[in-house]
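**Q** So here's protein-v5.txt, just compact mmCIF, C-alpha atoms:
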# COMPACT_ATOMS: atom_id res chain seq x y z
CA MET A 1 -60.48 -40.64 -24.31
CA PHE A 2 -60.70 -37.48 -26.38
CA GLY A 3 -62.40 -35.75 -23.48
CA ARG A 4 -59.46 -36.54 -21.16
CA ARG A 5 -56.87 -35.36 -23.73
CA ARG A 6 -58.82 -32.16 -24.27
CA SER A 7 -58.88 -31.62 -20.53
CA LEU A 8 -55.05 -32.05 -20.37
CA ASP A 9 -54.61 -29.60 -23.27
CA VAL A 10 -56.73 -27.03 -21.48
CA LYS A 11 -54.63 -27.49 -18.34
CA ARG A 12 -51.40 -27.03 -20.30
CA ASN A 13 -52.80 -23.91 -21.95
CA GLN A 14 -53.70 -22.56 -18.55
CA TRP A 15 -50.15 -23.19 -17.31
CA VAL A 16 -48.69 -21.39 -20.31
CA ILE A 17 -50.96 -18.41 -19.73
CA VAL A 18 -50.14 -18.36 -16.01
CA LEU A 19 -46.40 -18.46 -16.67
CA VAL A 20 -46.53 -15.73 -19.31
CA LEU A 21 -48.63 -13.55 -16.99
CA ALA A 22 -46.19 -14.24 -14.15
CA ALA A 23 -43.25 -13.21 -16.35
CA VAL A 24 -45.00 -10.00 -17.39
CA ALA A 25 -45.98 -9.25 -13.79
CA LEU A 26 -42.38 -9.81 -12.64
CA MET A 27 -41.06 -7.44 -15.29
CA VAL A 28 -43.60 -4.74 -14.43
CA TRP A 29 -42.91 -5.10 -10.72
CA SER A 30 -39.12 -5.00 -11.18
CA GLY A 31 -39.38 -1.99 -13.44
CA TYR A 32 -41.57 -0.13 -10.96
CA VAL A 33 -39.30 -0.84 -7.98
CA ASN A 34 -36.24 0.07 -10.03
CA TYR A 35 -37.82 3.36 -11.09
CA LYS A 36 -38.78 4.12 -7.48
CA ARG A 37 -35.24 3.50 -6.24
CA ARG A 38 -33.68 5.66 -8.93
CA LYS A 39 -36.10 8.47 -8.14
CA GLN A 40 -35.26 8.28 -4.43
CA ALA A 41 -31.54 8.25 -5.23
CA ALA A 42 -31.90 11.32 -7.44
CA GLN A 43 -33.74 13.11 -4.61
CA ARG A 44 -30.97 12.19 -2.15
CA GLN A 45 -28.44 13.55 -4.61
CA VAL A 46 -30.24 16.90 -4.68
CA GLN A 47 -30.86 17.06 -0.94
CA GLY A 48 -27.56 15.61 0.30
CA THR A 49 -25.64 18.72 1.29
CA PRO A 50 -22.62 18.39 3.54
CA GLU A 51 -24.25 20.32 6.36
CA SER A 52 -27.39 18.24 6.41
CA GLY A 53 -25.48 15.07 7.16
CA ASN A 54 -28.17 13.06 5.40
CA ASN A 55 -26.05 12.00 2.47
CA GLN A 56 -24.81 8.85 4.15
CA SER A 57 -26.58 6.51 1.82
CA VAL A 58 -25.31 8.41 -1.20
CA GLN A 59 -21.79 8.18 0.21
CA GLN A 60 -22.19 4.47 0.77
CA ASP A 61 -23.30 4.13 -2.81
CA LEU A 62 -20.34 6.31 -3.78
CA ALA A 63 -18.11 3.88 -1.95
CA ALA A 64 -19.60 1.06 -3.97
CA ASP A 65 -19.38 2.98 -7.22
CA GLU A 66 -15.77 3.90 -6.61
CA GLY A 67 -14.80 0.29 -6.31
CA LEU A 68 -14.61 0.09 -2.51
CA PRO A 69 -15.43 -3.49 -1.52
CA ASP A 70 -18.07 -3.87 1.14
CA LEU A 71 -16.15 -5.05 4.18
CA ARG A 72 -18.86 -4.10 6.65
CA GLY A 73 -19.60 -6.87 9.11
CA LYS A 74 -16.26 -8.52 8.40
CA ARG A 75 -13.27 -8.68 10.71
CA ALA A 76 -10.85 -5.85 9.94
CA PRO A 77 -7.72 -7.34 8.34
CA ASP A 78 -4.82 -7.07 10.77
CA PHE A 79 -1.64 -5.31 9.72
CA THR A 80 1.67 -4.23 11.10
CA LEU A 81 3.22 -1.02 9.84
CA ARG A 82 5.81 1.45 10.98
CA THR A 83 4.90 4.89 12.17
CA VAL A 84 6.61 7.85 10.53
CA GLU A 85 8.86 7.86 13.61
CA GLY A 86 9.87 4.25 12.91
CA LYS A 87 7.90 2.48 15.65
CA LYS A 88 6.12 -0.80 14.77
CA LEU A 89 2.40 -0.74 15.26
CA SER A 90 -0.35 -3.31 14.62
CA LEU A 91 -4.09 -3.03 14.44
CA SER A 92 -4.25 -5.87 16.96
CA ASP A 93 -2.55 -3.56 19.49
CA TYR A 94 -5.91 -1.81 19.72
CA LYS A 95 -7.98 -4.86 20.65
CA GLY A 96 -11.14 -3.80 22.45
CA LYS A 97 -10.95 -0.24 21.11
CA ALA A 98 -12.88 1.45 18.34
CA VAL A 99 -10.45 2.36 15.56
CA LEU A 100 -10.73 4.59 12.53
CA ILE A 101 -8.30 3.49 9.82
CA ASN A 102 -7.90 6.57 7.66
CA PHE A 103 -6.04 6.25 4.34
CA TRP A 104 -4.66 9.61 3.24
CA ALA A 105 -1.80 11.23 1.31
CA THR A 106 0.03 14.53 1.53
CA TRP A 107 -1.15 15.40 -2.01
CA CYS A 108 -4.82 14.78 -1.22
CA ALA A 109 -6.72 18.04 -0.72
CA PRO A 110 -9.94 16.41 0.62
CA CYS A 111 -7.80 14.50 3.15
CA LYS A 112 -6.49 17.79 4.51
CA ILE A 113 -10.01 19.13 4.87
CA GLU A 114 -11.09 16.30 7.15
CA MET A 115 -7.93 16.32 9.29
CA PRO A 116 -9.09 19.08 11.68
CA TRP A 117 -12.33 17.11 12.13
CA LEU A 118 -10.40 13.95 12.92
CA ILE A 119 -8.21 15.80 15.42
CA ALA A 120 -11.27 17.15 17.21
CA LEU A 121 -13.13 13.83 17.16
CA ARG A 122 -10.08 11.95 18.41
CA SER A 123 -9.82 14.38 21.34
CA GLN A 124 -13.52 14.02 22.04
CA TYR A 125 -13.74 10.22 21.98
CA ALA A 126 -10.27 9.00 23.00
CA SER A 127 -11.33 8.65 26.63
CA GLN A 128 -14.07 6.26 25.52
CA GLY A 129 -11.57 3.98 23.84
CA PHE A 130 -11.27 5.48 20.37
CA GLU A 131 -8.15 5.79 18.25
CA ILE A 132 -7.34 6.90 14.72
CA LEU A 133 -4.63 5.30 12.61
CA GLY A 134 -3.65 7.48 9.66
CA VAL A 135 -2.16 5.34 6.89
CA SER A 136 -0.16 7.29 4.33
CA GLU A 137 -0.64 6.32 0.69
CA ASP A 138 2.21 8.52 -0.52
CA ASP A 139 4.82 6.98 -2.81
CA ALA A 140 7.10 4.47 -1.14
CA ASP A 141 10.11 6.74 -1.72
CA THR A 142 8.54 9.65 0.17
CA PRO A 143 10.88 10.47 3.06
CA HIS A 144 9.31 9.58 6.39
CA ALA A 145 10.57 12.88 7.73
CA LYS A 146 8.41 14.66 5.16
CA LEU A 147 5.35 12.74 6.35
CA ALA A 148 6.22 13.47 9.98
CA LYS A 149 6.63 17.17 9.19
CA PHE A 150 3.29 17.19 7.41
CA GLY A 151 1.64 15.60 10.45
CA GLN A 152 3.21 18.20 12.74
CA GLU A 153 2.13 21.08 10.53
CA GLU A 154 -1.43 19.77 10.47
CA GLY A 155 -1.35 19.22 14.24
CA LEU A 156 -2.32 15.55 13.98
CA ASN A 157 -2.81 13.94 17.39
CA TYR A 158 -2.94 10.32 16.20
CA PRO A 159 -0.33 7.88 14.86
CA LEU A 160 0.74 8.29 11.25
CA LEU A 161 1.67 5.02 9.59
CA VAL A 162 3.66 4.45 6.43
CA GLY A 163 1.36 2.41 4.19
CA ASP A 164 2.40 -0.25 1.72
CA ASP A 165 0.84 -2.35 -1.03
CA ALA A 166 0.00 -5.15 1.37
CA ILE A 167 -2.33 -3.08 3.53
CA SER A 168 -3.89 -1.48 0.45
CA ARG A 169 -4.64 -4.92 -0.94
CA LYS A 170 -6.10 -6.09 2.36
CA TYR A 171 -8.46 -3.14 2.32
CA GLY A 172 -9.58 -3.54 -1.27
CA GLY A 173 -6.96 -1.58 -3.17
CA VAL A 174 -7.69 1.90 -1.73
CA GLU A 175 -7.87 3.64 -5.09
CA PHE A 176 -9.46 6.83 -3.84
CA LEU A 177 -8.48 9.07 -0.98
CA PRO A 178 -9.53 9.67 1.66
CA THR A 179 -10.84 6.20 2.42
CA SER A 180 -11.86 5.30 5.95
CA TYR A 181 -12.76 2.10 7.73
CA PHE A 182 -14.42 2.23 11.14
CA VAL A 183 -13.59 -0.79 13.27
CA GLY A 184 -15.78 -1.65 16.24
CA ARG A 185 -14.52 -2.80 19.63
CA ASP A 186 -15.24 -6.34 18.48
CA GLY A 187 -12.73 -5.96 15.63
CA LYS A 188 -15.37 -5.91 12.91
CA ILE A 189 -15.76 -3.14 10.35
CA VAL A 190 -18.96 -1.23 11.05
CA ALA A 191 -18.70 1.51 8.42
CA GLU A 192 -16.54 2.55 5.47
CA THR A 193 -16.35 5.62 3.32
CA ALA A 194 -14.55 6.48 0.09
CA GLY A 195 -14.09 10.19 -0.43
CA LEU A 196 -14.72 13.09 1.86
CA VAL A 197 -17.92 12.89 3.88
CA SER A 198 -19.37 15.32 6.40
CA LYS A 199 -17.98 15.59 9.93
CA ASP A 200 -21.40 14.50 11.20
CA GLU A 201 -21.15 11.31 9.24
CA VAL A 202 -17.65 10.62 10.51
CA GLU A 203 -18.83 11.17 14.08
CA ALA A 204 -21.86 8.91 13.57
CA SER A 205 -19.57 6.14 12.32
CA ILE A 206 -17.25 6.62 15.31
CA LYS A 207 -20.22 6.27 17.68
CA LYS A 208 -21.25 3.14 15.82
CA ALA A 209 -17.75 1.71 16.21
CA LEU A 210 -17.71 2.55 19.92
CA ALA A 211 -21.09 0.86 20.37
CA ALA A 212 -20.11 -2.28 18.45
CA GLY A 213 -19.01 -5.14 20.68
CA GLY A 214 -19.80 -3.40 23.98
CA LYS A 215 -17.28 -1.99 26.47
CA MET B 1 -44.64 -32.05 -26.68
CA PRO B 2 -44.39 -28.68 -28.44
CA ARG B 3 -46.56 -27.24 -25.67
CA LEU B 4 -44.22 -28.65 -23.06
CA THR B 5 -41.36 -26.93 -24.88
CA ILE B 6 -43.31 -23.67 -24.82
CA VAL B 7 -43.85 -24.06 -21.08
CA VAL B 8 -40.17 -24.75 -20.42
CA VAL B 9 -39.00 -21.89 -22.64
CA THR B 10 -41.49 -19.47 -21.09
CA ALA B 11 -40.47 -20.51 -17.59
CA GLY B 12 -36.79 -20.11 -18.45
CA LEU B 13 -37.44 -16.72 -20.03
CA ALA B 14 -39.38 -15.56 -17.00
CA ALA B 15 -36.66 -16.73 -14.63
CA SER B 16 -33.82 -15.09 -16.57
CA LEU B 17 -35.76 -11.85 -17.05
CA GLY B 18 -36.57 -11.80 -13.36
CA ALA B 19 -32.95 -12.43 -12.42
CA ALA B 20 -31.68 -9.74 -14.78
CA MET B 21 -34.18 -7.18 -13.49
CA TRP B 22 -33.40 -8.10 -9.90
CA ALA B 23 -29.68 -7.70 -10.46
CA GLN B 24 -30.21 -4.29 -12.07
CA MET B 25 -32.53 -3.20 -9.29
CA LYS B 26 -30.10 -4.32 -6.61
CA ASP B 27 -27.18 -2.27 -7.93
CA PRO B 28 -28.52 0.77 -9.75
CA PRO B 29 -26.00 3.20 -11.24
CA LEU B 30 -26.47 6.29 -9.10
CA PRO B 31 -25.43 9.82 -9.86
CA LEU B 32 -22.45 10.74 -7.69
CA PRO B 33 -22.07 13.80 -5.47
CA GLY B 34 -20.49 16.70 -7.23
CA GLY B 35 -21.05 15.23 -10.67
CA ALA B 36 -18.12 12.88 -10.23
CA SER B 37 -17.48 10.33 -12.89
CA GLN B 38 -17.77 6.72 -11.87
CA ARG B 39 -14.95 4.20 -11.55
CA VAL B 40 -12.40 6.44 -13.22
CA ASP B 41 -8.97 4.94 -13.67
CA PRO B 42 -6.22 7.52 -12.92
CA ALA B 43 -4.82 6.68 -16.36
CA ALA B 44 -8.10 7.69 -17.96
CA ALA B 45 -8.48 10.96 -16.07
CA VAL B 46 -6.64 12.94 -18.75
CA GLU B 47 -6.55 12.29 -22.46
CA PHE B 48 -4.03 13.61 -24.96
CA LEU B 49 -6.06 14.93 -27.88
CA SER B 50 -3.66 16.35 -30.48
CA PRO B 51 -1.52 16.78 -32.48
CA GLY B 52 -0.19 13.40 -33.57
CA GLN B 53 1.98 14.97 -36.22
CA VAL B 54 3.07 18.54 -36.81
CA THR B 55 5.28 20.34 -39.31
CA VAL B 56 7.45 23.26 -38.21
CA PRO B 57 9.97 25.43 -40.07
CA ALA B 58 13.45 23.93 -39.71
CA HIS B 59 16.10 25.79 -37.69
CA ARG B 60 13.55 28.37 -36.52
CA PRO B 61 11.74 28.68 -33.20
CA ALA B 62 8.22 27.29 -33.42
CA GLN B 63 5.35 26.59 -31.07
CA ILE B 64 3.43 23.35 -30.81
CA ASP B 65 0.07 23.42 -29.04
CA LEU B 66 -0.58 20.27 -27.05
CA HIS B 67 -4.27 19.68 -26.42
CA PHE B 68 -5.43 17.66 -23.43
CA ARG B 69 -8.81 16.95 -21.91
CA VAL B 70 -9.67 16.18 -18.29
CA ALA B 71 -12.54 13.71 -17.93
CA ASP B 72 -15.93 15.09 -16.95
CA GLY B 73 -16.40 15.50 -13.20
CA LEU B 74 -12.66 15.52 -12.53
CA HIS B 75 -10.00 18.17 -12.15
CA ILE B 76 -6.22 18.07 -11.96
CA ASN B 77 -3.95 20.48 -10.16
CA SER B 78 -2.64 23.20 -12.43
CA HIS B 79 1.10 23.71 -12.90
CA ALA B 80 0.96 26.09 -9.93
CA PRO B 81 -1.24 24.69 -7.15
CA LEU B 82 -2.04 27.12 -4.35
CA ASP B 83 -1.05 24.54 -1.73
CA LYS B 84 2.59 23.43 -1.74
CA SER B 85 1.72 19.86 -0.73
CA LEU B 86 -0.32 19.28 -3.89
CA ILE B 87 1.21 17.76 -6.99
CA PRO B 88 1.47 20.21 -9.92
CA ALA B 89 0.92 19.30 -13.57
CA ARG B 90 4.33 18.85 -15.21
CA LEU B 91 5.50 17.91 -18.67
CA ALA B 92 8.74 15.95 -18.80
CA VAL B 93 10.27 15.86 -22.27
CA VAL B 94 12.69 13.20 -23.48
CA GLU B 95 15.75 14.69 -25.17
CA ALA B 96 15.84 13.89 -28.86
CA HIS B 97 18.52 14.44 -31.48
CA GLY B 98 17.55 17.20 -33.90
CA LEU B 99 14.67 18.46 -31.78
CA ASN B 100 15.09 20.93 -28.97
CA VAL B 101 12.22 21.79 -26.63
CA THR B 102 13.26 25.08 -25.09
CA ALA B 103 10.22 25.75 -22.88
CA VAL B 104 6.66 24.68 -22.15
CA ASP B 105 4.01 27.23 -21.22
CA PHE B 106 1.13 26.13 -19.02
CA PRO B 107 -2.17 28.00 -18.92
CA PRO B 108 -3.23 29.61 -15.66
CA GLY B 109 -5.38 27.38 -13.49
CA THR B 110 -9.00 27.97 -12.66
CA GLU B 111 -9.95 28.58 -9.04
CA TYR B 112 -11.92 25.70 -7.57
CA ALA B 113 -13.17 24.89 -4.09
CA LEU B 114 -14.31 21.57 -2.68
CA GLN B 115 -17.88 21.60 -1.42
CA PHE B 116 -16.82 20.94 2.20
CA SER B 117 -14.35 23.79 2.24
CA PRO B 118 -15.62 26.57 -0.03
CA ARG B 119 -13.12 29.12 1.29
CA GLU B 120 -10.01 27.09 0.47
CA LYS B 121 -9.23 27.59 -3.19
CA LEU B 122 -7.41 25.21 -5.46
CA SER B 123 -5.87 26.02 -8.84
CA VAL B 124 -7.00 23.36 -11.30
CA TYR B 125 -7.53 22.40 -14.90
CA THR B 126 -10.86 21.02 -15.99
CA GLY B 127 -12.15 20.11 -19.43
CA GLU B 128 -9.80 20.91 -22.29
CA PHE B 129 -6.52 22.71 -21.72
CA VAL B 130 -3.58 23.52 -23.97
CA LEU B 131 0.17 23.55 -23.31
CA HIS B 132 2.47 25.48 -25.62
CA ALA B 133 5.76 23.76 -26.34
CA HIS B 134 8.50 25.96 -27.81
CA VAL B 135 10.70 23.93 -30.12
CA THR B 136 13.47 24.18 -32.66
CA ALA B 137 13.79 21.33 -35.13
CA GLU B 138 16.36 20.28 -37.68
CA PRO B 139 15.09 19.13 -41.08
CA GLY B 140 13.44 15.70 -41.06
CA ASP B 141 11.11 13.72 -38.84
CA HIS B 142 11.65 13.69 -35.08
CA ALA B 143 9.79 11.90 -32.30
CA LEU B 144 8.77 14.23 -29.51
CA GLU B 145 8.28 12.00 -26.48
CA ALA B 146 7.01 13.47 -23.26
CA GLY B 147 5.00 12.59 -20.16
CA LEU B 148 2.35 14.70 -18.52
CA ARG B 149 2.41 14.03 -14.79
CA TYR B 150 -0.79 14.96 -13.05
CA GLN B 151 -2.86 14.18 -10.02
CA ALA B 152 -6.63 14.02 -10.48
CA CYS B 153 -9.52 14.38 -8.07
CA ASN B 154 -13.27 14.55 -8.23
CA ALA B 155 -15.46 16.67 -5.98
CA ASN B 156 -14.52 14.78 -2.83
CA SER B 157 -11.80 12.24 -3.47
CA CYS B 158 -8.42 11.98 -5.14
CA MET B 159 -6.60 9.41 -7.21
CA PRO B 160 -2.87 8.68 -7.15
CA PRO B 161 -0.62 10.69 -9.46
CA HIS B 162 -0.17 9.37 -12.96
CA THR B 163 2.03 10.09 -15.98
CA LEU B 164 0.34 10.23 -19.37
CA PRO B 165 2.63 9.46 -22.33
CA VAL B 166 2.61 12.00 -25.14
CA GLU B 167 4.11 11.17 -28.55
CA ILE B 168 4.21 13.52 -31.52
CA THR B 169 6.01 13.32 -34.82
CA VAL B 170 7.61 16.69 -35.49
CA THR B 171 8.70 17.32 -39.06
CA GLY B 172 11.21 20.10 -39.69
CA LYS B 173 10.95 21.60 -43.18
In structure tokens, write the structure found in this file.
**A**
Amino acid sequence: MFGRRRSLDVKRNQWVIVLVLAAVALMVWSGYVNYKRRKQAAQRQVQGTPESGNNQSVQQDLAADEGLPDLRGKRAPDFTLRTVEGKKLSLSDYKGKAVLINFWATWCAPCKIEMPWLIALRSQYASQGFEILGVSEDDADTPHAKLAKFGQEEGLNYPLLVGDDAISRKYGGVEFLPTSYFVGRDGKIVAETAGLVSKDEVEASIKKALAAGGK
Amino acid sequence: MPRLTIVVVTAGLAASLGAAMWAQMKDPPLPLPGGASQRVDPAAAVEFLSPGQVTVPAHRPAQIDLHFRVADGLHINSHAPLDKSLIPARLAVVEAHGLNVTAVDFPPGTEYALQFSPREKLSVYTGEFVLHAHVTAEPGDHALEAGLRYQACNANSCMPPHTLPVEITVTGK
């Protein structure tokens, strides 16, 4: 009788020891992996120059840190907006095409820097079924003529849309500019960026969008 | 029974520790490109530091220095941006009886270039900057109410313009 009870006690003790060891092992393992990830991130931060084009992961993390919700893999929310010329335009009008939805504003210096890149990339990939929709995040009372003039001065070769709160909400609030969503031919978002990224990264995302969903 | 409790508590502790560590590991706070601050609210980009109250000689021109600070990793356009499409820093003052703000002097901006376009210069304020408000006050306490309108950016992205309220009690003596 006592022998059996003693045997049960020993078993319980063993379980306690095993669980404590497992908890310690889990903590050590988590700490090590965490440390490793932070070290790699710090290295990417140092190495990630604009020219190298290898700062994609940092930019994705930037997107996350800047409050951009991860919409990748999800269907791009449809919207209907007016162009600065007053024409109605919907995302669904571009079914089967790869689309870059680029949120910008006239007062956004980084947005202006990427505009020549977007113009060139639009020219390069339009024949493959690529389009850019520039959505203005300027104040609602900004005259459309001012936006149109800005587009002309910058030589933009893609539609400029007058944004509103509804589209901003659909795309997670758009608190930082520029913010871009790359929509594949299948209508799903394949990449997103918050803030200015390298031209190489923009082009890589465009290629990804063109490849998504087939021709 | 106490041993069973120890087992349950240990198992619960292990599970919660594991979950907490996993959550931390999954979403580590990374340093941002260009030393940008994280999750900055446009309203928190600039802070009004001082003064809260100031005494000036009554009926005589005086100067009040308004101290502001731009959050680390951010900049705002100066009062004279080099690009006309950018939004300049402006101070709008509410008219008040017995207190006349005749002019506000802004400091010159510092030249700044974004990393992707080093040749294109911007004129910005970073860190602490001071505006000089020229006032004339009648005797007594007056509320100087103003709003600093600014537009802030970090190294590679911009936030919408914002107006920061500024309130000072000006005493004319």
**Q** Compile the contact shell of Pro116 of chain A as a VMD selection string: residues with an atom at most 10 Å away, counting only C-alpha atoms, same-chain residues fewer than 2 positions apart removed.
**A** chain A and resid 111 to 114 118 to 122 154 to 157 199
**Q** Neighbouring residues of segment 95-108 of chain B were defined as those with any atom within 6 Å, considering all atoms listed in the file; residues of the same chain fewer than 5 positions away were excluded. Please report them as a compact mmCIF listing (two decimals) with C-alpha atoms, keeping the file's coordinate frame.
**A**
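Wrote it out as around-v8.txt, contents follow:
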# COMPACT_ATOMS: atom_id res chain seq x y z
CA LEU B 131 0.17 23.55 -23.31
CA HIS B 132 2.47 25.48 -25.62
CA ALA B 133 5.76 23.76 -26.34
CA HIS B 134 8.50 25.96 -27.81
CA VAL B 135 10.70 23.93 -30.12
CA THR B 136 13.47 24.18 -32.66
CA ALA B 137 13.79 21.33 -35.13
CA GLU B 138 16.36 20.28 -37.68
**Q** Record the distance separating atom CA of Gly172 of chain B and atom CA of Leu66 of chain B, expressed in Å with one decimal.
**A**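 These atoms are spaced 17.3 Å apart.
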**Q** Show which residues sit within 9 Å of Ile206 of chain A, as a list of chain:residue names. Count all atoms listed in the file, and ignore same-chain residues fewer than 3 positions away.
**A**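 Listing them by chain and then by number gives A:Ala98, A:Val99, A:Leu100, A:Leu121, A:Tyr125, A:Phe130, A:Phe182, A:Val183, A:Gly184, A:Ala191, A:Glu201, A:Val202, A:Glu203, A:Ala209, A:Leu210, A:Ala211.
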**Q** What is the distance between atom CA of Arg149 of chain B and atom CA of Thr110 of chain B, in Å to one decimal?
**A** 18.1 Å
**Q** From the set A:Met27, A:Leu21, A:Val174, A:Val135, which residue has the shortest atom-to-atom contact distance to Leu81 of chain A, counting only C-alpha atoms?
**A** A:Val135
**Q** Please provide as a PyMOL selection string all residues within 9 Å of Glu47 of chain B, with the sequence filter that same-chain residues fewer than 6 positions apart are discarded (counting only C-alpha atoms).
**A** chain B and resi 67-71+164
**Q** Could you jot down the atom CA of Asp78 of chain A to atom CA of Lys208 of chain A separation for me, Å, one decimal place?
**A**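 So the answer is 20.0 Å.
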**Q** Would you mind telling me which residue in A:Tyr181, A:Phe176, A:Phe150, A:Tyr158 lies nearest to chain B when using only C-alpha atoms?
**A**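 The shortest atom-to-atom distance to chain B comes from A:Phe176.
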**Q** Pick from A:Gly86, A:Ala109, A:Thr193, A:Asn102: nearest to Asn77 of chain B, with all atoms listed in the file counted?
**A**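 The closest residue to Asn77 of chain B is A:Ala109.
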**Q** Near Pro165 of chain B, counting only C-alpha atoms, which residues have an atom at most 8 Å away, once you skip same-chain residues fewer than 3 positions from it, shown as a list in words?
**A**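 Counting only the stated atoms, we get Glu145, Ala146, Gly147 and Leu148 of chain B.
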